[in-house]
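> One structure, as structure tokens, below. Some questions next.
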Amino acid sequence: MRKIVITGATGHLGNKLYQYLSQNDQLDVWGLDIRPSDDPKIIVGDITQYDEAWADVFADCDGVVHLAADRDNQCNWDSAIPNNIDATFNVFQAASKHGVKRFVFASSNWVVGGYRFIDARLTPDILPNPVNPYGVTKLVGERMGNFFSEQYGMSVVSARIGWTQWTHDNQPGAHMEMGRWGQLMWLSDRDYLHGMERSLFADVEGHIVVNLMSNNKGMKWCLESSASQIDYHPQDSATAELPLTIRIKECFAWLGQRFIPSIGKWINNPSF
Ligand SMILES: NC(=O)c1ccc[n+]([C@@H]2O[C@H](COP(=O)([O-])OP(=O)(O)OC[C@H]3O[C@@H](n4cnc5c(N)ncnc54)[C@H](O)[C@@H]3O)[C@@H](O)[C@H]2O)c1
């Protein structure tokens, strides 16, 4: 039986994964979250502070999925540094101390958010281009993955997760924010769970970065290396539905990005 620990297990993505993996009788699944849960296998702990009281949950653990974070892409440094950088380091440290073999880090599309209005094929090895503290902290987390795999022999998968909405039953459509960019990084629940499972159990050495989106038509995201490296094969697909208002906004964004630096800076605001 393999022991798996999910941080952020009471959260949106964490709970979906916790429930899903718990159905597998070959796995002993545990959670860790700052929010209390009725489930005795979800330990309460604040991972911004290293504490053996929570770190001990990693004893005899085979795989970690680290999801706990401030997930708000508009979060400020005051929250991003403790919750996304310090906390990630603490979880890596606890996992390495207990000899964990596989670490899955919930990275984000925001590591490359600066390519939203630029034609680019978004392979995992494209030059990172974060535009907000959130994206920077996710990039730092990926770099920690490199460090812990090099120094401690852990295999690490940093998954640049697309967008699994906590509203609209995670169905794609024009309601999604951020226009074309937002819609074309849709990740269905089914593909998310498959991607996490593959990230945990695929044969991987060292540290790799993979994109996790559904197979959306016309997207810039490259899923070829996700297929070859972790055997990720999404089954769902969305097509962008773009009303005229979004098309006009995109047009201004494109012009601003290229010709008017001050507008380029303004549109890089995550809410645009
Ligand atoms: N939802 C998405 O589409 C999406 C996209 C890209 C990346 N991600 C990443 O996936 C992860 C999960 O996202 P989510 O949407 O489920 O967010 P969420 O806010 O629903 O879940 C995060 C969980 O982490 C816990 N947590 C936060 N700070 C903590 C701390 N200091 N100690 C212990 N627990 C703490 C929270 O209590 C919460 O349960 C995050 O790292 C997020 O950045 C999510």
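Residues are named by chain letter and number: chains run A, B, ... in the order of the structure tokens, numbers start at 1 in each chain, and ligands are numbered from 1 in the order shown.
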Report as a list of chain:residue names all protein, DNA and RNA residues lying within 7 Å of range 199-210 of chain A, evaluated on only C-alpha atoms, omitting residues in the same chain fewer than 2 positions from it.
A:Gly63, A:Arg102, A:Val104, A:Pro124, A:Gly145, A:Asn146, A:Ser149, A:Glu150, A:Met154, A:Ser155, A:Val156, A:Val157, A:Ser158, A:Ala159, A:Arg160, A:Gly195, A:Met196, A:Glu197, A:Leu212, A:Ser225, A:Ser226, A:Ile230
> Would you write out those residues with all heavy atoms, as a compact mmCIF listing (two decimals), in the first residue's frame?

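Final file, again.txt:
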# COMPACT_ATOMS: atom_id res chain seq x y z
N GLY A 63 4.34 9.57 -1.76
CA GLY A 63 4.12 10.67 -2.69
C GLY A 63 3.37 11.82 -2.05
O GLY A 63 2.45 11.62 -1.25
N ARG A 102 8.35 10.94 -4.46
CA ARG A 102 7.72 11.75 -5.51
C ARG A 102 7.01 12.95 -4.91
O ARG A 102 6.24 12.81 -3.96
CB ARG A 102 6.69 10.88 -6.27
CG ARG A 102 5.80 11.66 -7.27
CD ARG A 102 6.61 12.33 -8.39
NE ARG A 102 7.56 11.43 -9.00
CZ ARG A 102 7.29 10.57 -9.98
NH1 ARG A 102 6.07 10.55 -10.48
NH2 ARG A 102 8.22 9.78 -10.46
N VAL A 104 4.71 16.23 -6.08
CA VAL A 104 3.98 16.91 -7.16
C VAL A 104 3.69 18.32 -6.66
O VAL A 104 3.03 18.51 -5.63
CB VAL A 104 2.67 16.18 -7.52
CG1 VAL A 104 1.95 16.93 -8.64
CG2 VAL A 104 2.96 14.74 -7.91
N PRO A 124 6.77 23.73 -21.82
CA PRO A 124 7.22 23.91 -20.43
C PRO A 124 8.59 24.57 -20.32
O PRO A 124 8.92 25.12 -19.28
CB PRO A 124 7.27 22.47 -19.89
CG PRO A 124 6.35 21.70 -20.77
CD PRO A 124 6.44 22.33 -22.13
N GLY A 145 11.80 22.76 -6.65
CA GLY A 145 11.69 21.38 -7.12
C GLY A 145 13.00 20.92 -7.73
O GLY A 145 13.47 19.79 -7.49
N ASN A 146 13.61 21.81 -8.48
CA ASN A 146 14.91 21.50 -9.07
C ASN A 146 15.95 21.24 -7.98
O ASN A 146 16.70 20.26 -8.03
CB ASN A 146 15.36 22.73 -9.88
CG ASN A 146 15.88 22.33 -11.21
OD1 ASN A 146 15.26 21.53 -11.89
ND2 ASN A 146 17.02 22.87 -11.56
N SER A 149 15.30 17.99 -6.02
CA SER A 149 15.58 16.77 -6.79
C SER A 149 17.08 16.60 -6.97
O SER A 149 17.61 15.50 -6.84
CB SER A 149 14.84 16.78 -8.14
OG SER A 149 15.56 17.51 -9.08
N GLU A 150 17.80 17.70 -7.20
CA GLU A 150 19.26 17.62 -7.37
C GLU A 150 19.94 17.22 -6.06
O GLU A 150 20.84 16.39 -6.05
CB GLU A 150 19.83 18.99 -7.80
CG GLU A 150 19.47 19.39 -9.21
CD GLU A 150 20.34 18.69 -10.24
OE1 GLU A 150 21.51 18.41 -9.94
OE2 GLU A 150 19.82 18.42 -11.34
N MET A 154 14.95 13.46 -4.81
CA MET A 154 13.49 13.30 -4.90
C MET A 154 13.09 13.51 -6.35
O MET A 154 13.70 14.32 -7.05
CB MET A 154 12.94 14.46 -4.06
CG MET A 154 11.53 14.43 -3.68
SD MET A 154 11.21 16.03 -2.81
CE MET A 154 11.45 15.59 -1.14
N SER A 155 12.11 12.78 -6.86
CA SER A 155 11.64 13.13 -8.20
C SER A 155 10.46 14.08 -8.05
O SER A 155 9.55 13.85 -7.24
CB SER A 155 11.29 11.89 -9.03
OG SER A 155 10.21 11.21 -8.47
N VAL A 156 10.50 15.16 -8.83
CA VAL A 156 9.53 16.25 -8.64
C VAL A 156 8.84 16.56 -9.96
O VAL A 156 9.50 16.71 -11.00
CB VAL A 156 10.23 17.53 -8.12
CG1 VAL A 156 9.21 18.65 -7.89
CG2 VAL A 156 11.00 17.25 -6.84
N VAL A 157 7.52 16.63 -9.91
CA VAL A 157 6.74 17.05 -11.09
C VAL A 157 6.07 18.38 -10.75
O VAL A 157 5.25 18.45 -9.83
CB VAL A 157 5.66 16.00 -11.46
CG1 VAL A 157 4.83 16.49 -12.65
CG2 VAL A 157 6.31 14.65 -11.78
N SER A 158 6.46 19.43 -11.45
CA SER A 158 5.78 20.72 -11.29
C SER A 158 4.72 20.80 -12.37
O SER A 158 5.05 20.84 -13.56
CB SER A 158 6.77 21.89 -11.44
OG SER A 158 7.68 21.89 -10.38
N ALA A 159 3.47 20.81 -11.96
CA ALA A 159 2.37 20.80 -12.93
C ALA A 159 1.82 22.20 -13.07
O ALA A 159 1.28 22.76 -12.10
CB ALA A 159 1.29 19.83 -12.46
N ARG A 160 1.97 22.79 -14.26
CA ARG A 160 1.39 24.11 -14.52
C ARG A 160 -0.09 23.90 -14.83
O ARG A 160 -0.47 23.60 -15.96
CB ARG A 160 2.12 24.81 -15.66
CG ARG A 160 3.50 25.27 -15.25
CD ARG A 160 4.22 26.06 -16.31
NE ARG A 160 5.56 26.37 -15.85
CZ ARG A 160 6.56 26.73 -16.63
NH1 ARG A 160 6.38 26.85 -17.94
NH2 ARG A 160 7.74 26.99 -16.12
N GLY A 195 -4.43 13.93 -14.61
CA GLY A 195 -3.11 14.58 -14.63
C GLY A 195 -2.38 14.44 -13.31
O GLY A 195 -1.17 14.21 -13.27
N MET A 196 -3.13 14.56 -12.22
CA MET A 196 -2.50 14.43 -10.89
C MET A 196 -2.06 12.99 -10.64
O MET A 196 -0.99 12.74 -10.09
CB MET A 196 -3.49 14.87 -9.81
CG MET A 196 -3.65 16.35 -9.72
SD MET A 196 -2.13 17.11 -9.06
CE MET A 196 -1.95 18.47 -10.15
N GLU A 197 -2.91 12.07 -11.06
CA GLU A 197 -2.57 10.65 -10.87
C GLU A 197 -1.31 10.31 -11.66
O GLU A 197 -0.40 9.64 -11.17
CB GLU A 197 -3.75 9.82 -11.36
CG GLU A 197 -3.79 8.43 -10.82
CD GLU A 197 -5.15 7.79 -11.09
OE1 GLU A 197 -5.74 8.04 -12.17
OE2 GLU A 197 -5.61 7.04 -10.25
N LEU A 212 -0.78 21.20 -17.65
CA LEU A 212 -2.02 20.41 -17.46
C LEU A 212 -3.22 21.27 -17.84
O LEU A 212 -3.67 22.11 -17.05
CB LEU A 212 -2.17 19.94 -16.01
CG LEU A 212 -1.30 18.82 -15.49
CD1 LEU A 212 -1.79 18.39 -14.12
CD2 LEU A 212 -1.25 17.61 -16.42
N SER A 225 4.75 17.26 -24.36
CA SER A 225 5.70 16.74 -23.38
C SER A 225 4.96 16.17 -22.16
O SER A 225 5.46 15.27 -21.49
CB SER A 225 6.74 17.78 -22.98
OG SER A 225 6.08 18.89 -22.49
N SER A 226 3.75 16.66 -21.89
CA SER A 226 2.98 16.05 -20.79
C SER A 226 2.63 14.60 -21.16
O SER A 226 2.62 13.72 -20.30
CB SER A 226 1.68 16.82 -20.53
OG SER A 226 1.89 18.20 -20.54
N ILE A 230 4.70 12.11 -18.72
CA ILE A 230 3.91 11.47 -17.64
C ILE A 230 2.72 10.68 -18.18
O ILE A 230 1.87 10.24 -17.42
CB ILE A 230 3.43 12.49 -16.58
CG1 ILE A 230 2.52 13.56 -17.20
CG2 ILE A 230 4.59 13.11 -15.83
CD1 ILE A 230 1.74 14.37 -16.16
> Residues at most 9 Å from Arg116 in chain A, counting only C-alpha atoms, excluding those fewer than 4 positions away in the same chain, as a short mmCIF file (atom, residue, chain, number, x, y, z; two decimals) with all heavy atoms, in the first residue's frame?

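And here is the file that came out, result-v8.cif:
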data_model
loop_
_atom_site.label_atom_id
_atom_site.label_comp_id
_atom_site.auth_asym_id
_atom_site.auth_seq_id
_atom_site.Cartn_x
_atom_site.Cartn_y
_atom_site.Cartn_z
N VAL A 112 3.80 31.80 -16.81
CA VAL A 112 4.02 32.33 -18.17
C VAL A 112 2.92 33.31 -18.57
O VAL A 112 2.64 33.49 -19.75
CB VAL A 112 4.14 31.17 -19.20
CG1 VAL A 112 5.38 30.34 -18.95
CG2 VAL A 112 2.91 30.29 -19.20
N ALA A 120 2.80 32.67 -29.02
CA ALA A 120 3.91 31.83 -28.56
C ALA A 120 3.37 30.44 -28.33
O ALA A 120 2.21 30.27 -27.93
CB ALA A 120 4.47 32.38 -27.26
N ARG A 180 -10.09 34.83 -24.10
CA ARG A 180 -9.57 33.66 -24.80
C ARG A 180 -8.56 32.90 -23.93
O ARG A 180 -8.58 31.69 -23.83
CB ARG A 180 -8.88 34.12 -26.09
CG ARG A 180 -8.48 33.02 -27.05
CD ARG A 180 -7.65 33.58 -28.17
NE ARG A 180 -8.29 34.67 -28.87
CZ ARG A 180 -9.09 34.52 -29.95
NH1 ARG A 180 -9.31 33.34 -30.45
NH2 ARG A 180 -9.64 35.57 -30.52
N TRP A 181 -7.67 33.67 -23.30
CA TRP A 181 -6.62 33.06 -22.46
C TRP A 181 -7.26 32.21 -21.35
O TRP A 181 -6.86 31.07 -21.12
CB TRP A 181 -5.77 34.18 -21.85
CG TRP A 181 -4.77 33.78 -20.82
CD1 TRP A 181 -4.88 33.92 -19.48
CD2 TRP A 181 -3.48 33.19 -21.06
NE1 TRP A 181 -3.75 33.45 -18.85
CE2 TRP A 181 -2.87 33.01 -19.79
CE3 TRP A 181 -2.78 32.80 -22.20
CZ2 TRP A 181 -1.60 32.46 -19.64
CZ3 TRP A 181 -1.50 32.26 -22.04
CH2 TRP A 181 -0.94 32.08 -20.79
N ASN A 268 -1.43 44.02 -18.16
CA ASN A 268 -0.84 42.87 -17.49
C ASN A 268 -1.44 42.64 -16.12
O ASN A 268 -1.12 41.67 -15.44
CB ASN A 268 0.69 43.01 -17.40
CG ASN A 268 1.35 42.26 -18.53
OD1 ASN A 268 0.80 41.27 -19.01
ND2 ASN A 268 2.50 42.72 -18.96
#
> DSSP on the backbone, strand (DSSP E or B) only: what residues of range 58-258 of chain A does that give? Format it as a ChimeraX atom specification.
/A:63-66,102-108,122,155-161,163,186,207-212,217,221,239
> Those same residues - N, CA, C and O atoms - I'd like them written as a short mmCIF file (atom, residue, chain, number, x, y, z; two decimals), in the first residue's frame.

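Listing of out_34.cif after writing:
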data_model
loop_
_atom_site.label_atom_id
_atom_site.label_comp_id
_atom_site.auth_asym_id
_atom_site.auth_seq_id
_atom_site.Cartn_x
_atom_site.Cartn_y
_atom_site.Cartn_z
N GLY A 63 4.34 9.57 -1.76
CA GLY A 63 4.12 10.67 -2.69
C GLY A 63 3.37 11.82 -2.05
O GLY A 63 2.45 11.62 -1.25
N VAL A 64 3.79 13.05 -2.40
CA VAL A 64 3.14 14.25 -1.88
C VAL A 64 2.55 15.04 -3.04
O VAL A 64 3.19 15.16 -4.09
N VAL A 65 1.34 15.56 -2.85
CA VAL A 65 0.81 16.54 -3.80
C VAL A 65 0.66 17.83 -3.01
O VAL A 65 -0.14 17.91 -2.08
N HIS A 66 1.45 18.82 -3.38
CA HIS A 66 1.44 20.07 -2.61
C HIS A 66 0.57 21.11 -3.31
O HIS A 66 0.98 21.76 -4.28
N ARG A 102 8.35 10.94 -4.46
CA ARG A 102 7.72 11.75 -5.51
C ARG A 102 7.01 12.95 -4.91
O ARG A 102 6.24 12.81 -3.96
N PHE A 103 7.31 14.10 -5.47
CA PHE A 103 6.68 15.35 -5.00
C PHE A 103 6.02 16.01 -6.19
O PHE A 103 6.66 16.29 -7.20
N VAL A 104 4.71 16.23 -6.08
CA VAL A 104 3.98 16.91 -7.16
C VAL A 104 3.69 18.32 -6.66
O VAL A 104 3.03 18.51 -5.63
N PHE A 105 4.19 19.30 -7.38
CA PHE A 105 4.00 20.69 -6.98
C PHE A 105 2.95 21.35 -7.87
O PHE A 105 3.06 21.32 -9.10
N ALA A 106 1.94 21.97 -7.23
CA ALA A 106 0.89 22.67 -8.00
C ALA A 106 1.43 24.02 -8.44
O ALA A 106 1.32 25.02 -7.74
N SER A 107 2.01 24.02 -9.62
CA SER A 107 2.45 25.28 -10.20
C SER A 107 1.26 25.87 -10.98
O SER A 107 0.13 25.39 -10.85
N SER A 108 1.53 26.88 -11.76
CA SER A 108 0.40 27.58 -12.38
C SER A 108 0.74 28.13 -13.75
O SER A 108 1.89 28.46 -14.05
N LEU A 122 3.39 27.56 -25.95
CA LEU A 122 3.75 27.50 -24.54
C LEU A 122 4.21 26.10 -24.14
O LEU A 122 3.45 25.29 -23.60
N SER A 155 12.11 12.78 -6.86
CA SER A 155 11.64 13.13 -8.20
C SER A 155 10.46 14.08 -8.05
O SER A 155 9.55 13.85 -7.24
N VAL A 156 10.50 15.16 -8.83
CA VAL A 156 9.53 16.25 -8.64
C VAL A 156 8.84 16.56 -9.96
O VAL A 156 9.50 16.71 -11.00
N VAL A 157 7.52 16.63 -9.91
CA VAL A 157 6.74 17.05 -11.09
C VAL A 157 6.07 18.38 -10.75
O VAL A 157 5.25 18.45 -9.83
N SER A 158 6.46 19.43 -11.45
CA SER A 158 5.78 20.72 -11.29
C SER A 158 4.72 20.80 -12.37
O SER A 158 5.05 20.84 -13.56
N ALA A 159 3.47 20.81 -11.96
CA ALA A 159 2.37 20.80 -12.93
C ALA A 159 1.82 22.20 -13.07
O ALA A 159 1.28 22.76 -12.10
N ARG A 160 1.97 22.79 -14.26
CA ARG A 160 1.39 24.11 -14.52
C ARG A 160 -0.09 23.90 -14.83
O ARG A 160 -0.47 23.60 -15.96
N ILE A 161 -0.88 24.03 -13.78
CA ILE A 161 -2.31 23.74 -13.88
C ILE A 161 -3.00 24.88 -14.62
O ILE A 161 -2.71 26.06 -14.39
N TRP A 163 -6.98 25.95 -15.69
CA TRP A 163 -8.02 26.58 -14.86
C TRP A 163 -9.14 25.60 -14.61
O TRP A 163 -9.88 25.24 -15.52
N TRP A 186 -8.77 25.96 -19.85
CA TRP A 186 -9.73 25.17 -19.07
C TRP A 186 -9.16 23.76 -18.82
O TRP A 186 -8.56 23.14 -19.72
N HIS A 207 13.66 16.56 -11.94
CA HIS A 207 12.54 17.51 -11.87
C HIS A 207 12.04 17.81 -13.27
O HIS A 207 12.83 18.09 -14.16
N ILE A 208 10.74 17.72 -13.46
CA ILE A 208 10.16 18.09 -14.75
C ILE A 208 9.01 19.08 -14.54
O ILE A 208 8.39 19.11 -13.47
N VAL A 209 8.76 19.85 -15.59
CA VAL A 209 7.62 20.76 -15.60
C VAL A 209 6.66 20.28 -16.68
O VAL A 209 7.10 19.98 -17.80
N VAL A 210 5.38 20.18 -16.34
CA VAL A 210 4.40 19.77 -17.36
C VAL A 210 3.22 20.74 -17.37
O VAL A 210 2.87 21.32 -16.34
N ASN A 211 2.63 20.90 -18.53
CA ASN A 211 1.38 21.66 -18.65
C ASN A 211 0.20 20.73 -18.40
O ASN A 211 0.20 19.60 -18.91
N LEU A 212 -0.78 21.20 -17.65
CA LEU A 212 -2.02 20.41 -17.46
C LEU A 212 -3.22 21.27 -17.84
O LEU A 212 -3.67 22.11 -17.05
N LYS A 217 -9.35 23.45 -28.14
CA LYS A 217 -9.07 23.75 -29.56
C LYS A 217 -8.48 25.15 -29.72
O LYS A 217 -9.03 26.12 -29.24
N TRP A 221 -1.06 26.22 -25.43
CA TRP A 221 -0.37 25.29 -24.52
C TRP A 221 0.04 24.02 -25.25
O TRP A 221 -0.76 23.42 -25.96
N THR A 239 -13.87 24.94 -26.69
CA THR A 239 -13.56 25.92 -27.73
C THR A 239 -13.93 27.28 -27.17
O THR A 239 -14.96 27.41 -26.50
#
> Write out as number ranges by chain each polymer residue (protein, DNA or RNA) that has an atom no more than 6 Å from ligand 1, with only C-alpha atoms and all ligand atoms counted.
A: 8-14, 33-35, 45-48, 67-71, 83, 106-108, 161-165
> Store the residues of this selection in a file with N, CA, C and O atoms, as a short mmCIF file (atom, residue, chain, number, x, y, z; two decimals), in the first residue's frame.

data_model
loop_
_atom_site.label_atom_id
_atom_site.label_comp_id
_atom_site.auth_asym_id
_atom_site.auth_seq_id
_atom_site.Cartn_x
_atom_site.Cartn_y
_atom_site.Cartn_z
N GLY A 8 -3.42 21.09 1.42
CA GLY A 8 -4.58 21.82 0.88
C GLY A 8 -5.75 20.89 0.63
O GLY A 8 -6.59 21.14 -0.24
N ALA A 9 -5.84 19.82 1.43
CA ALA A 9 -6.82 18.75 1.18
C ALA A 9 -8.26 19.15 1.42
O ALA A 9 -9.18 18.44 1.00
N THR A 10 -8.49 20.28 2.11
CA THR A 10 -9.90 20.70 2.25
C THR A 10 -10.27 21.74 1.19
O THR A 10 -11.41 22.19 1.14
N GLY A 11 -9.31 22.12 0.36
CA GLY A 11 -9.56 23.14 -0.66
C GLY A 11 -10.26 22.58 -1.89
O GLY A 11 -10.61 21.38 -1.95
N HIS A 12 -10.43 23.43 -2.86
CA HIS A 12 -11.18 23.09 -4.08
C HIS A 12 -10.53 21.91 -4.83
O HIS A 12 -11.17 20.87 -5.03
N LEU A 13 -9.29 22.06 -5.22
CA LEU A 13 -8.64 20.98 -5.96
C LEU A 13 -8.20 19.86 -5.03
O LEU A 13 -8.26 18.68 -5.40
N GLY A 14 -7.76 20.24 -3.82
CA GLY A 14 -7.26 19.24 -2.88
C GLY A 14 -8.34 18.25 -2.50
O GLY A 14 -8.11 17.03 -2.45
N ASP A 33 -4.05 20.52 6.10
CA ASP A 33 -4.64 21.82 5.74
C ASP A 33 -4.73 22.68 6.99
O ASP A 33 -4.86 22.17 8.09
N ILE A 34 -4.70 23.98 6.78
CA ILE A 34 -4.85 24.91 7.92
C ILE A 34 -6.30 24.92 8.41
O ILE A 34 -6.58 25.23 9.56
N ARG A 35 -7.23 24.54 7.52
CA ARG A 35 -8.66 24.52 7.91
C ARG A 35 -9.02 23.15 8.47
O ARG A 35 -8.73 22.13 7.85
N GLY A 45 -2.71 21.95 10.19
CA GLY A 45 -1.39 22.55 10.40
C GLY A 45 -1.22 23.77 9.52
O GLY A 45 -1.76 23.81 8.41
N ASP A 46 -0.46 24.73 10.05
CA ASP A 46 -0.13 25.92 9.25
C ASP A 46 1.28 25.70 8.69
O ASP A 46 2.27 25.79 9.42
N ILE A 47 1.36 25.45 7.42
CA ILE A 47 2.66 25.09 6.83
C ILE A 47 3.57 26.30 6.59
O ILE A 47 4.69 26.12 6.12
N THR A 48 3.10 27.50 6.92
CA THR A 48 4.03 28.64 6.82
C THR A 48 5.07 28.55 7.93
O THR A 48 6.11 29.20 7.86
N LEU A 67 -0.65 21.26 -2.76
CA LEU A 67 -1.63 22.19 -3.33
C LEU A 67 -1.87 23.41 -2.44
O LEU A 67 -2.36 24.43 -2.93
N ALA A 68 -1.56 23.30 -1.16
CA ALA A 68 -1.89 24.40 -0.24
C ALA A 68 -1.13 25.67 -0.63
O ALA A 68 0.07 25.64 -0.88
N ALA A 69 -1.86 26.76 -0.72
CA ALA A 69 -1.26 28.04 -1.13
C ALA A 69 -2.32 29.11 -1.05
O ALA A 69 -3.50 28.82 -0.85
N ASP A 70 -1.89 30.36 -1.22
CA ASP A 70 -2.84 31.42 -1.54
C ASP A 70 -3.04 31.32 -3.04
O ASP A 70 -2.13 31.62 -3.82
N ARG A 71 -4.23 30.90 -3.45
CA ARG A 71 -4.46 30.62 -4.87
C ARG A 71 -4.86 31.88 -5.65
O ARG A 71 -5.06 31.82 -6.87
N ASN A 83 2.73 32.15 2.31
CA ASN A 83 1.85 31.02 1.94
C ASN A 83 2.32 30.24 0.71
O ASN A 83 1.99 29.06 0.56
N ALA A 106 1.94 21.97 -7.23
CA ALA A 106 0.89 22.67 -8.00
C ALA A 106 1.43 24.02 -8.44
O ALA A 106 1.32 25.02 -7.74
N SER A 107 2.01 24.02 -9.62
CA SER A 107 2.45 25.28 -10.20
C SER A 107 1.26 25.87 -10.98
O SER A 107 0.13 25.39 -10.85
N SER A 108 1.53 26.88 -11.76
CA SER A 108 0.40 27.58 -12.38
C SER A 108 0.74 28.13 -13.75
O SER A 108 1.89 28.46 -14.05
N ILE A 161 -0.88 24.03 -13.78
CA ILE A 161 -2.31 23.74 -13.88
C ILE A 161 -3.00 24.88 -14.62
O ILE A 161 -2.71 26.06 -14.39
N GLY A 162 -3.91 24.50 -15.51
CA GLY A 162 -4.67 25.49 -16.26
C GLY A 162 -5.72 26.14 -15.38
O GLY A 162 -5.38 26.79 -14.39
N TRP A 163 -6.98 25.95 -15.69
CA TRP A 163 -8.02 26.58 -14.86
C TRP A 163 -9.14 25.60 -14.61
O TRP A 163 -9.88 25.24 -15.52
N THR A 164 -9.21 25.20 -13.34
CA THR A 164 -10.30 24.36 -12.87
C THR A 164 -11.15 25.25 -11.97
O THR A 164 -10.74 25.57 -10.87
N GLN A 165 -12.28 25.68 -12.50
CA GLN A 165 -13.08 26.70 -11.80
C GLN A 165 -13.78 26.15 -10.56
O GLN A 165 -14.21 25.00 -10.56
#
> Check the smallest atom-to-atom distance from each of A:Cys61, A:Arg198, A:Ser228, A:Tyr115 to Lys97 in chain A using only C-alpha atoms, then report the winner.
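For Lys97 in chain A, the nearest of the given residues is A:Cys61.
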